[in-house]
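*Asks:* Okay, so here is entry-v3.tsv, and as you'll see once you scroll down, it has TSV, N, CA and C atoms.
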```tsv
chain	number	residue	atom	x	y	z
A	1	MET	N	0.85	-1.18	0.00
A	1	MET	CA	0.00	0.00	0.00
A	1	MET	C	0.88	1.24	0.00
A	2	PRO	N	0.56	2.22	-0.84
A	2	PRO	CA	1.35	3.45	-0.88
A	2	PRO	C	1.17	4.28	0.39
A	3	ARG	N	2.11	5.15	0.62
A	3	ARG	CA	2.08	6.02	1.79
A	3	ARG	C	1.49	7.37	1.38
A	4	TYR	N	0.59	7.89	2.22
A	4	TYR	CA	-0.07	9.17	1.97
A	4	TYR	C	0.03	10.07	3.19
A	5	GLU	N	-0.20	11.36	2.94
A	5	GLU	CA	-0.28	12.32	4.04
A	5	GLU	C	-1.58	13.10	3.88
A	6	LEU	N	-2.36	13.11	4.93
A	6	LEU	CA	-3.62	13.84	4.95
A	6	LEU	C	-3.40	15.13	5.73
A	7	ALA	N	-3.53	16.26	5.04
A	7	ALA	CA	-3.43	17.56	5.69
A	7	ALA	C	-4.85	18.05	5.94
A	8	LEU	N	-5.16	18.28	7.20
A	8	LEU	CA	-6.52	18.68	7.60
A	8	LEU	C	-6.51	20.07	8.19
A	9	ILE	N	-7.48	20.85	7.82
A	9	ILE	CA	-7.79	22.08	8.55
A	9	ILE	C	-9.17	21.88	9.14
A	10	LEU	N	-9.23	21.88	10.47
A	10	LEU	CA	-10.51	21.73	11.16
A	10	LEU	C	-10.98	23.10	11.61
A	11	LYS	N	-12.30	23.26	11.73
A	11	LYS	CA	-12.81	24.53	12.22
A	11	LYS	C	-12.35	24.73	13.66
A	12	ALA	N	-12.25	25.97	14.07
A	12	ALA	CA	-11.78	26.30	15.42
A	12	ALA	C	-12.79	25.78	16.44
A	13	MET	N	-12.29	24.90	17.33
A	13	MET	CA	-13.14	24.28	18.34
A	13	MET	C	-12.34	24.14	19.63
A	14	GLN	N	-13.03	23.82	20.71
A	14	GLN	CA	-12.37	23.52	21.97
A	14	GLN	C	-11.68	22.15	21.86
A	15	ARG	N	-10.76	21.88	22.76
A	15	ARG	CA	-9.96	20.65	22.71
A	15	ARG	C	-10.80	19.37	22.69
A	16	PRO	N	-11.84	19.21	23.53
A	16	PRO	CA	-12.61	17.95	23.49
A	16	PRO	C	-13.29	17.71	22.13
A	17	GLU	N	-13.82	18.77	21.53
A	17	GLU	CA	-14.48	18.61	20.22
A	17	GLU	C	-13.45	18.27	19.14
A	18	THR	N	-12.28	18.91	19.20
A	18	THR	CA	-11.21	18.62	18.24
A	18	THR	C	-10.77	17.16	18.36
A	19	LYS	N	-10.64	16.69	19.58
A	19	LYS	CA	-10.25	15.30	19.83
A	19	LYS	C	-11.27	14.34	19.23
A	20	THR	N	-12.55	14.66	19.38
A	20	THR	CA	-13.62	13.82	18.83
A	20	THR	C	-13.55	13.77	17.31
A	21	VAL	N	-13.31	14.91	16.68
A	21	VAL	CA	-13.22	14.95	15.21
A	21	VAL	C	-12.02	14.16	14.72
A	22	LEU	N	-10.88	14.30	15.40
A	22	LEU	CA	-9.69	13.56	15.00
A	22	LEU	C	-9.89	12.06	15.18
A	23	ARG	N	-10.52	11.67	16.27
A	23	ARG	CA	-10.79	10.25	16.50
A	23	ARG	C	-11.71	9.72	15.40
A	24	ARG	N	-12.72	10.49	15.04
A	24	ARG	CA	-13.65	10.09	13.99
A	24	ARG	C	-12.92	9.95	12.64
A	25	THR	N	-12.00	10.86	12.37
A	25	THR	CA	-11.25	10.82	11.11
A	25	THR	C	-10.32	9.60	11.06
A	26	VAL	N	-9.62	9.33	12.14
A	26	VAL	CA	-8.71	8.18	12.19
A	26	VAL	C	-9.51	6.88	12.10
A	27	GLU	N	-10.66	6.81	12.76
A	27	GLU	CA	-11.51	5.62	12.68
A	27	GLU	C	-12.00	5.40	11.25
A	28	THR	N	-12.29	6.49	10.54
A	28	THR	CA	-12.71	6.38	9.14
A	28	THR	C	-11.59	5.79	8.30
A	29	LEU	N	-10.36	6.23	8.55
A	29	LEU	CA	-9.21	5.67	7.84
A	29	LEU	C	-9.08	4.17	8.13
A	30	LEU	N	-9.17	3.81	9.39
A	30	LEU	CA	-9.02	2.41	9.78
A	30	LEU	C	-10.12	1.53	9.20
A	31	GLU	N	-11.35	2.04	9.14
A	31	GLU	CA	-12.46	1.29	8.55
A	31	GLU	C	-12.22	1.01	7.08
A	32	ARG	N	-11.47	1.88	6.41
A	32	ARG	CA	-11.18	1.71	4.99
A	32	ARG	C	-9.90	0.90	4.76
A	33	GLY	N	-9.37	0.30	5.81
A	33	GLY	CA	-8.21	-0.56	5.68
A	33	GLY	C	-6.87	0.15	5.72
A	34	ALA	N	-6.85	1.40	6.12
A	34	ALA	CA	-5.60	2.16	6.19
A	34	ALA	C	-4.82	1.80	7.45
A	35	VAL	N	-3.54	2.04	7.39
A	35	VAL	CA	-2.66	1.87	8.55
A	35	VAL	C	-2.12	3.25	8.89
A	36	VAL	N	-2.53	3.79	10.04
A	36	VAL	CA	-2.13	5.14	10.44
A	36	VAL	C	-0.78	5.05	11.14
A	37	ARG	N	0.18	5.82	10.64
A	37	ARG	CA	1.53	5.81	11.20
A	37	ARG	C	1.73	6.92	12.22
A	38	GLU	N	1.16	8.11	11.94
A	38	GLU	CA	1.42	9.25	12.82
A	38	GLU	C	0.32	10.29	12.67
A	39	LEU	N	0.02	10.95	13.77
A	39	LEU	CA	-0.91	12.08	13.79
A	39	LEU	C	-0.16	13.24	14.42
A	40	GLN	N	-0.07	14.34	13.70
A	40	GLN	CA	0.71	15.48	14.17
A	40	GLN	C	-0.16	16.74	14.18
A	41	SER	N	-0.13	17.44	15.30
A	41	SER	CA	-0.84	18.71	15.41
A	41	SER	C	0.12	19.85	15.10
A	42	LEU	N	-0.30	20.74	14.20
A	42	LEU	CA	0.50	21.92	13.87
A	42	LEU	C	-0.05	23.17	14.55
A	43	GLY	N	-1.08	22.99	15.36
A	43	GLY	CA	-1.63	24.10	16.13
A	43	GLY	C	-2.78	24.81	15.44
A	44	GLU	N	-3.37	25.74	16.16
A	44	GLU	CA	-4.46	26.55	15.62
A	44	GLU	C	-3.88	27.87	15.14
A	45	ARG	N	-4.33	28.29	13.97
A	45	ARG	CA	-3.80	29.51	13.36
A	45	ARG	C	-4.92	30.28	12.66
A	46	THR	N	-4.60	31.51	12.36
A	46	THR	CA	-5.48	32.29	11.50
A	46	THR	C	-5.28	31.79	10.07
A	47	LEU	N	-6.37	31.55	9.36
A	47	LEU	CA	-6.28	31.07	7.98
A	47	LEU	C	-5.73	32.18	7.09
A	48	PRO	N	-5.01	31.83	6.03
A	48	PRO	CA	-4.45	32.85	5.14
A	48	PRO	C	-5.52	33.67	4.43
A	49	TYR	N	-6.71	33.10	4.29
A	49	TYR	CA	-7.85	33.80	3.71
A	49	TYR	C	-9.11	33.16	4.26
A	50	LYS	N	-10.22	33.86	4.18
A	50	LYS	CA	-11.49	33.33	4.70
A	50	LYS	C	-11.95	32.18	3.81
A	51	ILE	N	-12.39	31.11	4.46
A	51	ILE	CA	-12.87	29.94	3.73
A	51	ILE	C	-14.33	29.71	4.11
A	52	SER	N	-15.20	29.66	3.10
A	52	SER	CA	-16.61	29.37	3.33
A	52	SER	C	-16.83	27.88	3.12
A	53	LYS	N	-17.38	27.23	4.14
A	53	LYS	CA	-17.62	25.79	4.07
A	53	LYS	C	-18.82	25.46	4.95
A	54	HIS	N	-19.76	24.69	4.42
A	54	HIS	CA	-20.95	24.27	5.15
A	54	HIS	C	-21.71	25.47	5.73
A	55	ASN	N	-21.90	26.47	4.92
A	55	ASN	CA	-22.65	27.69	5.28
A	55	ASN	C	-22.03	28.46	6.44
A	56	MET	N	-20.73	28.37	6.60
A	56	MET	CA	-20.02	29.13	7.63
A	56	MET	C	-18.78	29.74	7.01
A	57	ARG	N	-18.37	30.91	7.54
A	57	ARG	CA	-17.11	31.53	7.10
A	57	ARG	C	-16.08	31.30	8.19
A	58	HIS	N	-14.97	30.71	7.82
A	58	HIS	CA	-13.93	30.38	8.78
A	58	HIS	C	-12.74	31.32	8.62
A	59	THR	N	-12.26	31.84	9.75
A	59	THR	CA	-11.07	32.69	9.74
A	59	THR	C	-9.93	32.06	10.55
A	60	ARG	N	-10.24	31.08	11.39
A	60	ARG	CA	-9.24	30.35	12.17
A	60	ARG	C	-9.49	28.86	11.99
A	61	GLY	N	-8.41	28.09	12.17
A	61	GLY	CA	-8.56	26.65	12.04
A	61	GLY	C	-7.41	25.90	12.69
A	62	GLY	N	-7.66	24.66	13.00
A	62	GLY	CA	-6.63	23.78	13.55
A	62	GLY	C	-6.00	22.97	12.42
A	63	TYR	N	-4.68	22.98	12.37
A	63	TYR	CA	-3.94	22.29	11.32
A	63	TYR	C	-3.40	20.96	11.84
A	64	PHE	N	-3.63	19.87	11.08
A	64	PHE	CA	-3.20	18.54	11.47
A	64	PHE	C	-2.67	17.78	10.27
A	65	LEU	N	-1.69	16.90	10.52
A	65	LEU	CA	-1.16	16.01	9.49
A	65	LEU	C	-1.35	14.57	9.96
A	66	VAL	N	-1.85	13.72	9.06
A	66	VAL	CA	-2.01	12.31	9.35
A	66	VAL	C	-1.20	11.54	8.30
A	67	ASP	N	-0.23	10.78	8.76
A	67	ASP	CA	0.61	9.97	7.89
A	67	ASP	C	0.04	8.55	7.90
A	68	PHE	N	-0.28	8.00	6.71
A	68	PHE	CA	-0.92	6.68	6.68
A	68	PHE	C	-0.62	5.94	5.38
A	69	HIS	N	-0.83	4.64	5.41
A	69	HIS	CA	-0.76	3.77	4.23
A	69	HIS	C	-2.18	3.34	3.91
A	70	ALA	N	-2.53	3.38	2.62
A	70	ALA	CA	-3.87	2.95	2.22
A	70	ALA	C	-3.86	2.51	0.76
A	71	ALA	N	-4.88	1.77	0.40
A	71	ALA	CA	-5.06	1.37	-0.99
A	71	ALA	C	-5.46	2.60	-1.81
A	72	PRO	N	-4.89	2.77	-3.00
A	72	PRO	CA	-5.23	3.93	-3.83
A	72	PRO	C	-6.72	4.03	-4.14
A	73	SER	N	-7.41	2.91	-4.20
A	73	SER	CA	-8.84	2.92	-4.52
A	73	SER	C	-9.68	3.54	-3.41
A	74	GLU	N	-9.14	3.67	-2.21
A	74	GLU	CA	-9.90	4.19	-1.07
A	74	GLU	C	-9.76	5.71	-0.91
A	75	ILE	N	-8.85	6.34	-1.61
A	75	ILE	CA	-8.56	7.76	-1.38
A	75	ILE	C	-9.74	8.65	-1.77
A	76	LEU	N	-10.34	8.39	-2.92
A	76	LEU	CA	-11.46	9.23	-3.35
A	76	LEU	C	-12.65	9.14	-2.40
A	77	SER	N	-12.95	7.94	-1.93
A	77	SER	CA	-14.08	7.81	-0.99
A	77	SER	C	-13.75	8.48	0.34
A	78	LEU	N	-12.49	8.41	0.74
A	78	LEU	CA	-12.07	9.10	1.98
A	78	LEU	C	-12.25	10.61	1.84
A	79	LEU	N	-11.77	11.17	0.73
A	79	LEU	CA	-11.91	12.62	0.51
A	79	LEU	C	-13.39	13.03	0.44
A	80	ASP	N	-14.20	12.21	-0.21
A	80	ASP	CA	-15.64	12.50	-0.29
A	80	ASP	C	-16.26	12.53	1.10
A	81	HIS	N	-15.88	11.56	1.94
A	81	HIS	CA	-16.38	11.51	3.31
A	81	HIS	C	-15.94	12.75	4.10
A	82	LEU	N	-14.68	13.13	3.98
A	82	LEU	CA	-14.16	14.30	4.72
A	82	LEU	C	-14.77	15.61	4.23
A	83	GLU	N	-15.05	15.70	2.94
A	83	GLU	CA	-15.68	16.92	2.39
A	83	GLU	C	-17.08	17.12	2.99
A	84	ARG	N	-17.74	16.02	3.33
A	84	ARG	CA	-19.09	16.12	3.89
A	84	ARG	C	-19.09	16.33	5.40
A	85	ASP	N	-17.94	16.16	6.04
A	85	ASP	CA	-17.84	16.34	7.49
A	85	ASP	C	-17.92	17.84	7.79
A	86	VAL	N	-18.88	18.25	8.62
A	86	VAL	CA	-19.11	19.67	8.89
A	86	VAL	C	-17.99	20.31	9.71
A	87	ASP	N	-17.16	19.51	10.35
A	87	ASP	CA	-16.08	20.05	11.17
A	87	ASP	C	-14.77	20.19	10.40
A	88	VAL	N	-14.70	19.64	9.20
A	88	VAL	CA	-13.49	19.71	8.38
A	88	VAL	C	-13.63	20.87	7.40
A	89	VAL	N	-12.70	21.81	7.49
A	89	VAL	CA	-12.72	22.96	6.58
A	89	VAL	C	-12.03	22.63	5.27
A	90	ARG	N	-10.88	21.97	5.33
A	90	ARG	CA	-10.13	21.66	4.11
A	90	ARG	C	-9.35	20.36	4.27
A	91	PRO	N	-9.74	19.29	3.58
A	91	PRO	CA	-8.93	18.06	3.58
A	91	PRO	C	-8.09	17.99	2.30
A	92	THR	N	-6.85	17.60	2.42
A	92	THR	CA	-5.98	17.42	1.27
A	92	THR	C	-5.15	16.16	1.47
A	93	VAL	N	-5.14	15.29	0.47
A	93	VAL	CA	-4.33	14.07	0.54
A	93	VAL	C	-3.26	14.14	-0.53
A	94	VAL	N	-2.02	13.91	-0.13
A	94	VAL	CA	-0.91	13.85	-1.08
A	94	VAL	C	-0.19	12.52	-0.88
A	95	ARG	N	0.31	11.99	-1.98
A	95	ARG	CA	1.07	10.74	-1.90
A	95	ARG	C	2.51	11.08	-1.55
A	96	LYS	N	3.03	10.39	-0.55
A	96	LYS	CA	4.41	10.61	-0.12
A	96	LYS	C	5.30	9.61	-0.85
A	97	ASP	N	6.31	10.12	-1.53
A	97	ASP	CA	7.26	9.25	-2.21
A	97	ASP	C	8.15	8.57	-1.20
A	98	GLU	N	8.57	7.38	-1.53
A	98	GLU	CA	9.54	6.69	-0.69
A	98	GLU	C	10.87	7.44	-0.78
A	99	GLN	N	11.77	7.14	0.12
A	99	GLN	CA	13.07	7.82	0.14
A	99	GLN	C	13.78	7.63	-1.19
A	100	ARG	N	14.20	8.74	-1.78
A	100	ARG	CA	14.94	8.69	-3.03
A	100	ARG	C	16.42	8.82	-2.72
A	101	THR	N	17.22	8.17	-3.52
A	101	THR	CA	18.65	8.31	-3.35
A	101	THR	C	19.12	9.52	-4.15
A	102	VAL	N	19.99	10.30	-3.58
A	102	VAL	CA	20.50	11.49	-4.24
A	102	VAL	C	21.77	11.11	-4.98
A	103	GLU	N	21.76	11.31	-6.29
A	103	GLU	CA	22.92	10.98	-7.10
A	103	GLU	C	23.76	12.23	-7.30
A	104	PRO	N	25.08	12.08	-7.28
A	104	PRO	CA	25.94	13.24	-7.49
A	104	PRO	C	25.81	13.76	-8.92
A	105	CYS	N	26.12	15.01	-9.10
A	105	CYS	CA	26.04	15.66	-10.39
A	105	CYS	C	27.03	15.01	-11.35
A	106	ALA	N	26.58	14.68	-12.55
A	106	ALA	CA	27.43	14.02	-13.54
A	106	ALA	C	28.57	14.93	-14.00
A	107	GLY	N	28.35	16.23	-13.98
A	107	GLY	CA	29.38	17.17	-14.40
A	107	GLY	C	30.59	17.14	-13.49
A	108	LEU	N	30.39	16.91	-12.22
A	108	LEU	CA	31.52	16.87	-11.28
A	108	LEU	C	32.33	15.59	-11.46
A	109	GLU	N	31.70	14.51	-11.89
A	109	GLU	CA	32.40	13.26	-12.10
A	109	GLU	C	33.33	13.33	-13.30
A	110	THR	N	32.99	14.13	-14.30
A	110	THR	CA	33.80	14.22	-15.51
A	110	THR	C	34.94	15.22	-15.38
A	111	GLY	N	35.10	15.80	-14.21
A	111	GLY	CA	36.21	16.71	-13.99
A	111	GLY	C	35.89	18.17	-14.25
A	112	LEU	N	34.64	18.49	-14.56
A	112	LEU	CA	34.28	19.88	-14.80
A	112	LEU	C	34.17	20.60	-13.46
A	113	SER	N	34.68	21.79	-13.40
A	113	SER	CA	34.61	22.58	-12.19
A	113	SER	C	33.33	23.39	-12.19
A	114	GLU	N	32.76	23.59	-11.01
A	114	GLU	CA	31.54	24.38	-10.91
A	114	GLU	C	31.78	25.85	-11.26
A	115	SER	N	33.00	26.33	-11.04
A	115	SER	CA	33.28	27.75	-11.26
A	115	SER	C	33.61	28.05	-12.72
A	116	ARG	N	33.92	27.05	-13.53
A	116	ARG	CA	34.28	27.27	-14.92
A	116	ARG	C	33.03	27.22	-15.78
A	117	PRO	N	32.79	28.21	-16.63
A	117	PRO	CA	31.59	28.19	-17.48
A	117	PRO	C	31.67	27.07	-18.51
A	118	LEU	N	30.53	26.54	-18.90
A	118	LEU	CA	30.46	25.47	-19.88
A	118	LEU	C	30.49	25.97	-21.31
A	119	HIS	N	30.30	27.25	-21.52
A	119	HIS	CA	30.30	27.81	-22.86
A	119	HIS	C	31.23	29.01	-22.92
A	120	LYS	N	31.68	29.36	-24.12
A	120	LYS	CA	32.57	30.51	-24.30
A	120	LYS	C	31.74	31.75	-24.48
A	121	ARG	N	32.24	32.87	-24.01
A	121	ARG	CA	31.53	34.13	-24.17
A	121	ARG	C	32.16	34.94	-25.25
```
Would you put the structure from the file into C-alpha cells?

*Replies:*
Amino acid sequence: MPRYELALILKAMQRPETKTVLRRTVETLLERGAVVRELQSLGERTLPYKISKHNMRHTRGGYFLVDFHAAPSEILSLLDHLERDVDVVRPTVVRKDEQRTVEPCAGLETGLSESRPLHKR
C-alpha cells in the first residue's frame, strides 16, 4: 500500500471537540483498511484567507497532518467523506514518495569545475 499524508484544517473548536473529530477521522481511515503511522498537530492559526464551508465563514482553524498507508482505490471515498464532514474545513491528501537516493552531479564526475563556465563568451 502506498504512503499518503492527509493535511486537515478543522474549524476552530475547543480541545474535546477537536479530539472527537480527529478520532472520527482516524476511525474512518481504519475502517477503509488504512494503517495510520502518525498524527501530528500543527496548532491553531489564522487562515491565510477566509474559507466558506458548510454555510459558515472560517477565519481560524486547527492544522493537522495524518501519515498513513492505504489502498489507492480508497482515497477518493475518503476525501468524499471528509468533504461532507461539517467540522473539516479543508482536507488534502498527497502521496508521499519513498526515500529517493541522491545521485551526485554528472558534471563533477567528468572533472568539470563548478566555477568554470560550460560555454565561451

*Asks:* Could you go through range 1-117 of chain A and tell me which residues DSSP, when run on the backbone, assigns to alpha helix (DSSP H), listing them as JSON, numbers by chain?

*Replies:* {"A": [15, 16, 17, 18, 19, 20, 21, 22, 23, 24, 25, 26, 27, 28, 29, 30, 31, 75, 76, 77, 78, 79, 80, 81, 82, 83, 84, 106, 107, 108, 109]}

*Asks:* Of the residues A:Val89, A:Val21, A:Leu42, A:Val26, which is the one nearest to Ile9 in chain A, using only N, CA and C atoms?

*Replies:* A:Val89

*Asks:* Could you work out an axis-aligned box for range 15-19 of chain A, taking every atom the file lists and adding 6 Å on each side, and report centre and edge lengths in Å to one decimal, as AutoDock Vina command-line options?

*Replies:*
```
--center_x -12.2 --center_y 18.1 --center_z 20.9 --size_x 16.5 --size_y 19.5 --size_z 17.3
```

*Asks:* Report, in Å to a single decimal, how far apart CA of Lys50 in chain A and CA of Leu29 in chain A are.

*Replies:*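 Taking CA of Leu29 in chain A and CA of Lys50 in chain A, their separation equals 27.9 Å.
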
*Asks:* Any idea what's packed within 6 Å of Arg45 in chain A, counting all atoms listed in the file, ignoring anything in its chain fewer than 6 positions away? Could you give it as a list in words?

*Replies:*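 In the requested format, the answer is Thr59, Arg60, Gly61, Gly62 and Tyr63 of chain A.
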
*Asks:* What separation in Å, quoted to one decimal, exists between CA of Val94 in chain A and CA of Lys53 in chain A?

*Replies:*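 These two atoms are separated by 21.2 Å.
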
*Asks:* Select, counting only N, CA and C atoms, all protein, DNA and RNA residues no farther than 6 Å from (-6.9, 12.4, 0.7) in file coordinates, and express the selection as a ChimeraX atom specification.

*Replies:* /A:6,75,78-79,91-94

*Asks:* Residues within 5 Å of (1.1, 4.0, 4.0), file coordinates, counting all atoms listed in the file: what are they? Give the list as number ranges by chain.

*Replies:* A: 1-4, 68-70

*Asks:* Just how far from CA of Arg84 in chain A is CA of His54 in chain A, in Å to one decimal?

*Replies:*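 Separating CA of His54 in chain A from CA of Arg84 in chain A is a distance of 8.5 Å.
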
*Asks:* Would you please give, as number ranges by chain, all residues of range 46-104 of chain A that DSSP assigns to strand (DSSP E) based on the backbone?

*Replies:* A: 46-53, 56-69, 88-95

*Asks:* Which of these, A:Gly33, A:Val88, A:Glu44, A:Glu98, has the shortest distance to Leu8 in chain A once you count only N, CA and C atoms?

*Replies:*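 Going through A:Gly33, A:Val88, A:Glu44, A:Glu98 one by one, the smallest distance to Leu8 in chain A is for A:Val88.
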
*Asks:* Using only C-alpha atoms, pick whichever of A:Leu65, A:Leu30, A:Ala71, A:Leu22 has the shortest atom-to-atom distance to Asp85 in chain A.

*Replies:*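 Result for the nearest residue to Asp85 in chain A: A:Leu22.
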
*Asks:* Using only C-alpha atoms for the distances, tell me which of A:Leu10, A:Ala34, A:Leu39, A:Val66 is nearest to Ile51 in chain A.

*Replies:* A:Leu10
